[in-house]
$ cat start12.cif   # mmCIF, C-alpha atoms
data_structure
loop_
_atom_site.label_atom_id
_atom_site.label_comp_id
_atom_site.auth_asym_id
_atom_site.auth_seq_id
_atom_site.Cartn_x
_atom_site.Cartn_y
_atom_site.Cartn_z
CA MET I 386 60.95 117.86 23.89
CA GLN I 387 64.40 118.83 25.20
CA GLY I 388 66.89 116.00 24.73
CA ALA I 389 64.49 113.63 22.95
CA LYS I 390 66.09 111.50 20.24
CA VAL I 391 64.57 111.85 16.77
CA LEU I 392 65.45 109.78 13.70
CA VAL I 393 64.75 111.49 10.35
CA VAL I 394 64.46 109.17 7.34
CA ASP I 395 64.29 110.80 3.90
CA ASP I 396 66.05 110.15 0.60
CA SER I 397 66.30 113.92 -0.03
CA THR I 398 69.52 115.44 1.36
CA SER I 399 67.97 118.91 1.51
CA VAL I 400 64.95 117.71 3.49
CA ARG I 401 67.19 115.87 5.96
CA LYS I 402 69.33 118.98 6.47
CA VAL I 403 66.30 121.25 6.93
CA LEU I 404 64.73 118.91 9.48
CA GLU I 405 68.01 118.42 11.32
CA LYS I 406 68.46 122.18 11.66
CA LEU I 407 64.84 122.84 12.65
CA LEU I 408 64.70 120.10 15.27
CA SER I 409 68.11 120.92 16.73
CA THR I 410 66.98 124.48 17.47
CA ARG I 411 64.36 123.00 19.82
CA GLY I 412 66.89 120.90 21.73
CA LEU I 413 66.13 117.62 19.99
CA VAL I 414 68.94 115.15 19.33
CA VAL I 415 68.71 114.35 15.61
CA THR I 416 70.13 111.50 13.56
CA THR I 417 69.35 110.96 9.88
CA SER I 418 69.14 108.11 7.38
CA GLU I 419 68.72 108.34 3.61
CA SER I 420 66.62 105.18 3.24
CA ALA I 421 64.16 103.10 5.23
CA GLU I 422 66.61 100.20 5.23
CA GLN I 423 69.31 102.40 6.80
CA GLY I 424 66.71 103.73 9.22
CA LEU I 425 65.96 100.21 10.48
CA GLU I 426 69.68 99.65 11.08
CA ALA I 427 69.96 102.97 12.92
CA VAL I 428 66.98 102.09 15.13
CA SER I 429 68.57 98.73 15.98
CA ARG I 430 71.71 100.49 17.17
CA ASN I 431 70.01 103.28 19.13
CA THR I 432 66.24 103.35 19.71
CA PRO I 433 64.87 106.88 19.21
CA HIS I 434 61.91 108.48 20.96
CA LEU I 435 60.38 109.53 17.61
CA VAL I 436 60.79 108.67 13.93
CA ILE I 437 59.96 111.14 11.13
CA ALA I 438 59.95 109.45 7.72
CA ASP I 439 59.10 110.35 4.14
CA VAL I 440 56.39 108.23 2.55
CA VAL I 441 57.87 107.90 -0.96
CA MET I 442 61.46 106.61 -1.01
CA PRO I 443 63.42 104.24 -3.23
CA GLY I 444 63.19 100.68 -1.93
CA MET I 445 61.11 100.41 1.24
CA SER I 446 58.48 103.14 1.65
CA GLY I 447 57.73 105.11 4.80
CA PHE I 448 54.56 103.03 5.26
CA GLU I 449 56.60 99.82 5.22
CA LEU I 450 59.20 101.28 7.58
CA CYS I 451 56.44 102.17 10.03
CA GLN I 452 54.97 98.66 9.74
CA MET I 453 58.35 97.08 10.43
CA LEU I 454 58.86 99.22 13.52
CA LYS I 455 55.41 98.32 14.85
CA MET I 456 56.18 94.62 14.43
CA ARG I 457 59.28 94.79 16.65
CA GLU I 458 58.79 94.51 20.39
CA SER I 459 61.54 97.06 21.09
CA THR I 460 60.15 99.73 18.74
CA LYS I 461 56.41 99.14 18.51
CA ARG I 462 55.79 102.00 20.97
CA VAL I 463 57.95 104.53 19.15
CA PRO I 464 55.62 107.08 17.46
CA VAL I 465 56.13 107.61 13.74
CA ILE I 466 55.24 110.82 11.89
CA LEU I 467 55.09 110.41 8.11
CA ILE I 468 55.80 113.16 5.56
CA SER I 469 53.80 113.14 2.34
CA GLY I 470 53.57 115.46 -0.65
CA ILE I 471 49.86 114.64 -0.83
CA ILE I 472 47.46 114.28 2.09
CA ASN I 473 44.28 112.58 0.93
CA GLU I 474 41.93 109.86 2.07
CA GLY I 475 44.10 107.09 0.64
CA VAL I 476 47.28 108.34 2.30
CA VAL I 477 45.53 108.82 5.65
CA ALA I 478 44.00 105.34 5.52
CA GLN I 479 47.30 103.68 4.66
CA ALA I 480 49.10 105.64 7.38
CA GLN I 481 46.54 104.45 9.92
CA GLN I 482 46.94 100.85 8.78
CA ALA I 483 50.70 101.16 9.12
CA GLY I 484 50.32 102.44 12.69
CA ALA I 485 51.65 105.98 12.14
CA PHE I 486 50.94 108.64 14.77
CA ASP I 487 50.31 111.45 12.27
CA VAL I 488 51.03 112.73 8.76
CA VAL I 489 52.64 116.05 7.82
CA SER I 490 52.16 117.57 4.36
CA LYS I 491 55.20 118.54 2.34
CA PRO I 492 56.36 121.29 2.04
CA PHE I 493 55.91 121.92 5.75
CA THR I 494 56.50 124.81 8.13
CA PRO I 495 57.62 124.76 11.78
CA ASP I 496 54.03 125.58 12.76
CA ASP I 497 52.87 122.45 10.94
CA LEU I 498 55.54 120.18 12.32
CA PHE I 499 56.30 121.06 15.94
CA PRO I 500 52.77 120.75 17.39
CA LYS I 501 52.59 117.20 16.05
CA ILE I 502 56.04 116.38 17.39
CA GLU I 503 55.05 117.70 20.81
CA ARG I 504 51.85 115.63 20.82
CA ALA I 505 53.73 112.50 19.76
CA LEU I 506 56.40 112.85 22.44
CA SER I 507 53.81 113.79 25.07
CA ALA I 508 51.70 110.73 24.24
CA ALA I 509 54.83 108.58 24.40
CA LYS I 510 55.65 109.77 27.91
CA GLN I 511 52.15 109.17 29.24
CA ALA I 512 51.86 105.54 28.12
CA PRO I 513 53.45 102.74 30.23
CA PRO I 514 56.66 101.17 28.84
CA THR I 515 56.86 97.49 27.98
CA THR I 516 57.94 95.29 30.90
CA GLY I 517 61.57 94.34 30.66
CA GLU I 518 62.39 96.73 27.84
CA PRO I 519 65.98 97.96 28.39
CA SER I 520 65.58 101.44 26.92
CA PRO I 521 66.47 104.09 29.55
CA ALA I 522 63.92 106.50 28.15
CA PRO I 523 60.29 105.56 27.55
CA SER I 524 59.37 104.25 24.09
CA PRO I 525 55.62 103.70 24.55
CA ALA I 526 52.76 103.33 22.14
CA ALA I 527 51.42 106.64 21.00
CA THR I 528 47.77 106.93 20.06
CA PRO I 529 47.63 108.00 16.42
CA ILE I 530 46.00 111.39 15.89
CA PHE I 531 45.71 112.51 12.28
CA MET I 532 44.97 116.19 11.67
CA ALA I 533 45.01 117.82 8.22
CA ALA I 534 44.22 121.31 7.02
CA PRO I 535 40.51 121.75 6.21
CA ALA I 536 39.54 121.26 2.58
CA PRO I 537 36.48 122.50 0.68
CA THR I 538 34.95 119.04 0.85
CA PRO I 539 36.69 117.19 3.69
CA VAL I 540 36.20 113.48 4.12
CA ALA I 541 36.18 112.45 7.76
CA SER I 542 37.52 109.07 8.82
CA THR I 543 36.45 107.26 11.99
CA PRO I 544 38.71 108.46 14.85
CA ALA I 545 40.70 106.08 16.96
CA PRO I 546 38.96 105.26 20.30
CA SER I 547 41.30 107.39 22.39
CA ALA I 548 42.03 110.11 19.82
CA SER I 549 41.19 113.65 20.83
CA ALA I 550 40.63 115.00 17.31
CA PRO I 551 38.86 113.71 14.19
CA ILE I 552 40.80 112.33 11.27
CA THR I 553 40.27 114.41 8.16
CA ALA I 554 41.61 114.10 4.63
CA SER I 555 42.32 116.90 2.15
CA GLN I 556 41.25 116.46 -1.45
CA ALA I 557 43.65 119.12 -2.75
CA GLU I 558 45.28 116.61 -5.12
CA PRO I 559 44.05 113.30 -6.56
CA PRO I 560 45.09 110.14 -4.70
CA THR I 561 48.33 108.56 -5.85
CA LEU I 562 47.40 105.21 -4.34
CA PRO I 563 45.05 103.28 -6.64
CA GLN I 564 42.09 101.88 -4.81
CA ALA I 565 41.30 98.25 -5.52
CA ALA I 566 37.79 97.39 -6.59
CA PRO I 567 35.78 95.98 -3.66
CA VAL I 568 35.24 92.26 -3.60
CA PRO I 569 31.86 91.35 -2.00
CA THR I 570 32.91 87.83 -1.02
CA PRO I 571 36.42 86.47 -0.49
CA PRO I 572 37.44 84.01 -3.22
CA VAL I 573 36.75 80.38 -2.48
CA PRO I 574 39.99 78.38 -2.26
CA SER I 575 40.45 76.12 -5.24
CA MET I 576 43.05 73.63 -6.44
CA PRO I 577 44.18 72.52 -9.88
CA ALA I 578 43.39 68.91 -10.69
CA ASN I 579 47.02 67.80 -10.79
CA ALA I 580 48.18 69.54 -7.59
CA GLU I 581 48.52 67.61 -4.36
CA PRO I 582 45.90 68.48 -1.70
CA PRO I 583 47.51 71.08 0.62
CA HIS I 584 47.89 70.59 4.32
CA GLN I 585 45.06 72.30 6.19
CA ALA I 586 47.53 74.35 8.21
CA LEU I 587 49.09 75.69 5.02
CA MET I 588 45.69 76.75 3.71
CA GLU I 589 45.01 78.50 7.01
CA GLY I 590 48.27 80.39 6.57
CA LEU I 591 47.21 81.50 3.09
CA ARG I 592 43.62 82.43 3.97
CA PRO I 593 44.40 85.94 5.39
CA PHE I 594 45.73 86.97 1.97
CA LEU I 595 42.37 86.18 0.38
CA ASP I 596 40.65 88.54 2.83
CA LYS I 597 42.47 91.45 1.16
CA PRO I 598 40.59 92.86 -1.86
CA GLU I 599 43.92 93.53 -3.60
CA VAL I 600 44.74 89.81 -3.74
CA GLU I 601 43.30 87.74 -6.58
CA SER I 602 45.18 84.48 -6.04
CA VAL I 603 47.87 83.04 -3.79
CA LEU I 604 50.21 80.15 -4.59
CA VAL I 605 53.02 78.23 -2.94
CA ILE I 606 55.65 76.74 -5.25
CA SER I 607 58.54 74.44 -4.40
CA ASN I 608 62.22 75.07 -5.12
CA THR I 609 61.86 72.75 -8.11
CA GLY I 610 58.95 74.69 -9.62
CA GLN I 611 56.20 72.34 -8.43
CA LEU I 612 52.85 73.87 -7.48
CA LEU I 613 52.29 72.93 -3.83
CA SER I 614 49.17 74.95 -3.05
CA TRP I 615 46.81 77.35 -4.76
CA ALA I 616 43.83 79.38 -3.56
CA GLY I 617 41.73 82.20 -4.97
CA GLN I 618 40.57 82.98 -8.47
CA THR I 619 41.03 80.57 -11.36
CA ILE I 620 44.43 80.78 -13.06
CA GLU I 621 45.03 79.53 -16.58
CA GLU I 622 47.66 76.78 -16.53
CA PRO I 623 48.82 77.34 -12.93
CA ASP I 624 51.52 74.66 -13.22
CA LEU I 625 53.06 76.53 -16.15
CA LEU I 626 52.92 79.76 -14.14
CA ALA I 627 54.75 78.01 -11.28
CA THR I 628 57.44 76.88 -13.72
CA TYR I 629 57.86 80.42 -15.11
CA LEU I 630 58.17 81.92 -11.63
CA HIS I 631 60.67 79.26 -10.57
CA THR I 632 62.77 80.08 -13.64
CA MET I 633 62.74 83.82 -12.85
CA LEU I 634 63.74 83.14 -9.24
CA SER I 635 66.58 80.93 -10.40
CA ILE I 636 67.84 83.59 -12.82
CA SER I 637 67.64 86.25 -10.11
CA SER I 638 69.57 84.03 -7.69
CA VAL I 639 72.31 83.39 -10.25
CA MET I 640 72.59 87.12 -10.89
CA GLY I 641 72.91 87.74 -7.15
CA GLU I 642 75.73 85.23 -6.84
CA LYS I 643 77.47 86.62 -9.92
CA TYR I 644 77.57 90.16 -8.52
CA GLN I 645 78.06 89.26 -4.85
CA LEU I 646 74.61 90.47 -3.86
CA SER I 647 72.63 89.04 -0.98
CA SER I 648 70.42 86.04 -1.70
CA ILE I 649 67.13 87.08 -3.27
CA GLN I 650 64.21 87.27 -0.84
CA SER I 651 61.48 88.82 -2.98
CA LEU I 652 60.67 89.58 -6.60
CA GLY I 653 58.10 92.06 -7.92
CA LEU I 654 56.69 92.12 -11.45
CA GLU I 655 54.30 94.77 -12.76
CA TYR I 656 51.99 94.31 -15.73
CA LEU I 657 49.14 96.46 -17.04
CA GLY I 658 46.86 96.66 -14.03
CA LYS I 659 48.41 93.64 -12.30
CA THR I 660 51.28 92.89 -9.91
CA VAL I 661 52.99 89.58 -9.18
CA MET I 662 54.82 89.37 -5.84
CA VAL I 663 57.13 86.43 -5.09
CA ASN I 664 58.57 85.99 -1.60
CA ARG I 665 60.89 83.20 -0.49
CA ILE I 666 59.48 81.28 2.45
CA SER I 667 62.61 79.12 2.70
CA ASP I 668 65.07 77.23 0.51
CA LYS I 669 62.25 74.77 -0.13
CA ALA I 670 59.34 76.98 -1.18
CA SER I 671 58.16 80.46 -2.21
CA LEU I 672 54.93 82.42 -1.78
CA VAL I 673 53.33 83.97 -4.87
CA LEU I 674 50.64 86.67 -4.78
CA LEU I 675 48.70 87.89 -7.81
CA LEU I 676 47.42 91.41 -7.10
CA ARG I 677 44.95 93.79 -8.69
CA GLY I 678 46.64 97.08 -9.52
CA THR I 679 50.29 98.13 -9.43
CA GLY I 680 50.48 100.34 -6.35
CA GLY I 681 49.83 100.43 -2.62
CA THR I 682 51.57 97.10 -1.88
CA GLY I 683 52.78 98.20 1.55
CA VAL I 684 49.88 96.57 3.42
CA ILE I 685 50.37 93.32 1.49
CA ARG I 686 54.10 93.30 2.28
CA TYR I 687 53.25 93.79 5.94
CA LEU I 688 50.85 90.83 5.79
CA VAL I 689 53.56 88.70 4.15
CA LEU I 690 55.92 89.48 7.03
CA LYS I 691 53.19 88.69 9.54
CA GLN I 692 52.26 85.32 7.97
CA MET I 693 55.79 84.18 7.14
CA PRO I 694 56.52 82.52 10.53
CA GLN I 695 53.35 80.41 10.22
CA LEU I 696 54.16 79.40 6.65
CA LYS I 697 57.70 78.44 7.63
CA ALA I 698 56.42 76.36 10.53
CA VAL I 699 53.94 74.52 8.31
CA LEU I 700 56.67 73.74 5.75
CA GLY I 701 58.96 72.42 8.48
CA GLU I 702 61.45 75.29 8.57
#

$ encode --input "start12.cif" --output "structure tokens"
Amino acid sequence: MQGAKVLVVDDSTSVRKVLEKLLSTRGLVVTTSESAEQGLEAVSRNTPHLVIADVVMPGMSGFELCQMLKMRESTKRVPVILISGIINEGVVAQAQQAGAFDVVSKPFTPDDLFPKIERALSAAKQAPPTTGEPSPAPSPAATPIFMAAPAPTPVASTPAPSASAPITASQAEPPTLPQAAPVPTPPVPSMPANAEPPHQALMEGLRPFLDKPEVESVLVISNTGQLLSWAGQTIEEPDLLATYLHTMLSISSVMGEKYQLSSIQSLGLEYLGKTVMVNRISDKASLVLLLRGTGGTGVIRYLVLKQMPQLKAVLGE
């Protein structure tokens, strides 16, 4: 571990200071960030060998930070250890989906933390680096290994193929991530009578969203409020919905210009048991997702990032 670079990302000043002191005593070179957004900037300037991030933070969560790092060629092999106040089946599953190496419960002790750090750095050294990657020290893919303290009624998850220990989840506290009701069959794409038939390539770009049980419907609206494409469950007056969303985007954009903020890229609205996510594809169109529930949107945000290049290409951007 001596000399390895570790980035700590946590919105709590006290947690950052405690981790910085603990890790420094073991010869680790520690830098800190108070948000996931700042963490991404720090990683761009100086790629670490390990990232330790809190799960719950204002703005981007630790899950989303991990997903972003795994999407980048230069950082996809950097192991990420997440810190969570609750370790349960939902947290473990979402951490696995995000590509995290392990999860540490909070509050933690050195005995909880350092063995996982050692395993993460050891796994990083043993894997081959990406060809042509300029980093002087290895930043390889670490095989995720989730280990949690035994609970009275542990729930075991399926281990990764190369993992050396089973994944377990503690039921000490109830899950904070609401689980969406299972959908036996993905919704059949449908179109309102007065909408133009979408290009097949655009529908292919929208189809992965319908495979997620959290997603009820997906729409694409133009910068003038016209409904360009629609798939999923039936929506009452979809054209009117497109007009409402266009109006809200316009208001948000005006507010951004008024207060010298960056141009709006996404908009989230929460209702009782529902979430509406709007993401700009380009200056010409926006993607709209109607979700079941009001939590656990990290996986959906990751899918939006993944599908955005295809959507832009289809729309001629």

$ closest_residue --input "start12.cif" --among "I:Met588, I:Val441, I:Met386, I:Ala478" --to "Arg504 (chain I)" --atoms "all atoms listed in the file"
I:Met386

$ residues_near_point --input "start12.cif" --point "(47.5, 82.9, 3.4)" --cutoff "9 Å" --atoms "all atoms listed in the file" --output "list of chain:residue names"
I:Leu587, I:Met588, I:Glu589, I:Gly590, I:Leu591, I:Arg592, I:Pro593, I:Phe594, I:Leu595, I:Asp596, I:Val603, I:Leu604, I:Ala616, I:Leu688, I:Val689, I:Gln692, I:Leu696

$ resolve_selection --input "start12.cif" --expression "the PyMOL selection byres ((chain I and resi 460) around 9)" --output "MDAnalysis selection string"
chainID I and resid 428:429 432:433 453:459 461:464 524:526

$ residues_around --input "start12.cif" --residues "Glu655 (chain I)" --least-positions-apart "4" --cutoff "9 Å" --atoms "only C-alpha atoms" --output "list in words"
Lys659, Thr660, Val661, Met662, Gly678 and Thr679 of chain I

$ residues_near_point --input "start12.cif" --point "(70.5, 103.1, 11.5)" --cutoff "12 Å" --atoms "only C-alpha atoms" --output "number ranges by chain"
I: 391-394, 416-433, 436

$ closest_residue --input "start12.cif" --among "I:Leu630, I:Ala485, I:Leu612, I:Leu467" --to "Ser651 (chain I)" --atoms "all atoms listed in the file"
I:Leu630

$ residues_around --input "start12.cif" --residues "region 618-625 of chain I" --least-positions-apart "3" --cutoff "6 Å" --atoms "only C-alpha atoms" --output "ChimeraX atom specification"
/I:601-602,612,628

$ axis_aligned_box --input "start12.cif" --around "region 387-398 of chain I" --padding-each-side "5 Å" --output "JSON"
{"center_x": 66.9, "center_y": 114.0, "center_z": 12.6, "size_x": 15.2, "size_y": 19.7, "size_z": 35.2}

$ resolve_selection --input "start12.cif" --expression "the PyMOL selection byres ((chain I and resi 390) around 7)" --output "list in words"
Gly388, Ala389, Val391, Leu392, Leu413, Val414, Val415, Pro433, His434 and Leu435 of chain I

$ resolve_selection --input "start12.cif" --expression "the PyMOL selection byres ((chain I and resi 606-608) around 7)" --output "list in words"
Leu604, Val605, Thr609, Gly610, Gln611, Leu612, Leu613, Ala627, Asp668, Lys669, Ala670, Ser671 and Leu672 of chain I

$ atom_distance --input "start12.cif" --atom1 "CA of Glu503 (chain I)" --atom2 "CA of Pro443 (chain I)"
28.8 Å

$ residues_around --input "start12.cif" --residues "Ala480 (chain I)" --least-positions-apart "6" --cutoff "8 Å" --atoms "only C-alpha atoms" --output "list in words"
Phe448, Leu467, Asp487 and Val488 of chain I

$ write_last_selection --input "start12.cif" --atoms "C-alpha atoms" --output "PDB file, in the frame of the given file"
ATOM      1  CA  PHE I 448      54.560 103.030   5.260  1.00  0.00           C
ATOM      2  CA  LEU I 467      55.090 110.410   8.110  1.00  0.00           C
ATOM      3  CA  ASP I 487      50.310 111.450  12.270  1.00  0.00           C
ATOM      4  CA  VAL I 488      51.030 112.730   8.760  1.00  0.00           C
TER       5      VAL I 488
END

$ residues_around --input "start12.cif" --residues "region 637-649 of chain I" --least-positions-apart "2" --cutoff "12 Å" --atoms "all atoms listed in the file" --output "PyMOL selection string"
chain I and resi 608+630-635+651-653+663-668+671

$ write_last_selection --input "start12.cif" --atoms "C-alpha atoms" --output "CSV table (one decimal), in the coordinates of the input"
chain,number,residue,atom,x,y,z
I,608,ASN,CA,62.2,75.1,-5.1
I,630,LEU,CA,58.2,81.9,-11.6
I,631,HIS,CA,60.7,79.3,-10.6
I,632,THR,CA,62.8,80.1,-13.6
I,633,MET,CA,62.7,83.8,-12.8
I,634,LEU,CA,63.7,83.1,-9.2
I,635,SER,CA,66.6,80.9,-10.4
I,651,SER,CA,61.5,88.8,-3.0
I,652,LEU,CA,60.7,89.6,-6.6
I,653,GLY,CA,58.1,92.1,-7.9
I,663,VAL,CA,57.1,86.4,-5.1
I,664,ASN,CA,58.6,86.0,-1.6
I,665,ARG,CA,60.9,83.2,-0.5
I,666,ILE,CA,59.5,81.3,2.4
I,667,SER,CA,62.6,79.1,2.7
I,668,ASP,CA,65.1,77.2,0.5
I,671,SER,CA,58.2,80.5,-2.2

$ closest_residue --input "start12.cif" --among "I:Leu700, I:Ala505, I:Val477, I:Val684" --to "Ala586 (chain I)" --atoms "all atoms listed in the file"
I:Leu700

$ residues_around --input "start12.cif" --residues "Leu407 (chain I)" --least-positions-apart "4" --cutoff "12 Å" --atoms "only C-alpha atoms" --output "list of chain:residue names"
I:Val391, I:Val393, I:Val400, I:Arg401, I:Lys402, I:Val403, I:Arg411, I:Gly412, I:Leu413, I:Val414, I:Val415, I:Phe493, I:Thr494, I:Pro495, I:Asp496, I:Leu498, I:Phe499, I:Ile502

$ atom_distance --input "start12.cif" --atom1 "CA of Pro694 (chain I)" --atom2 "CA of Leu674 (chain I)"
16.9 Å
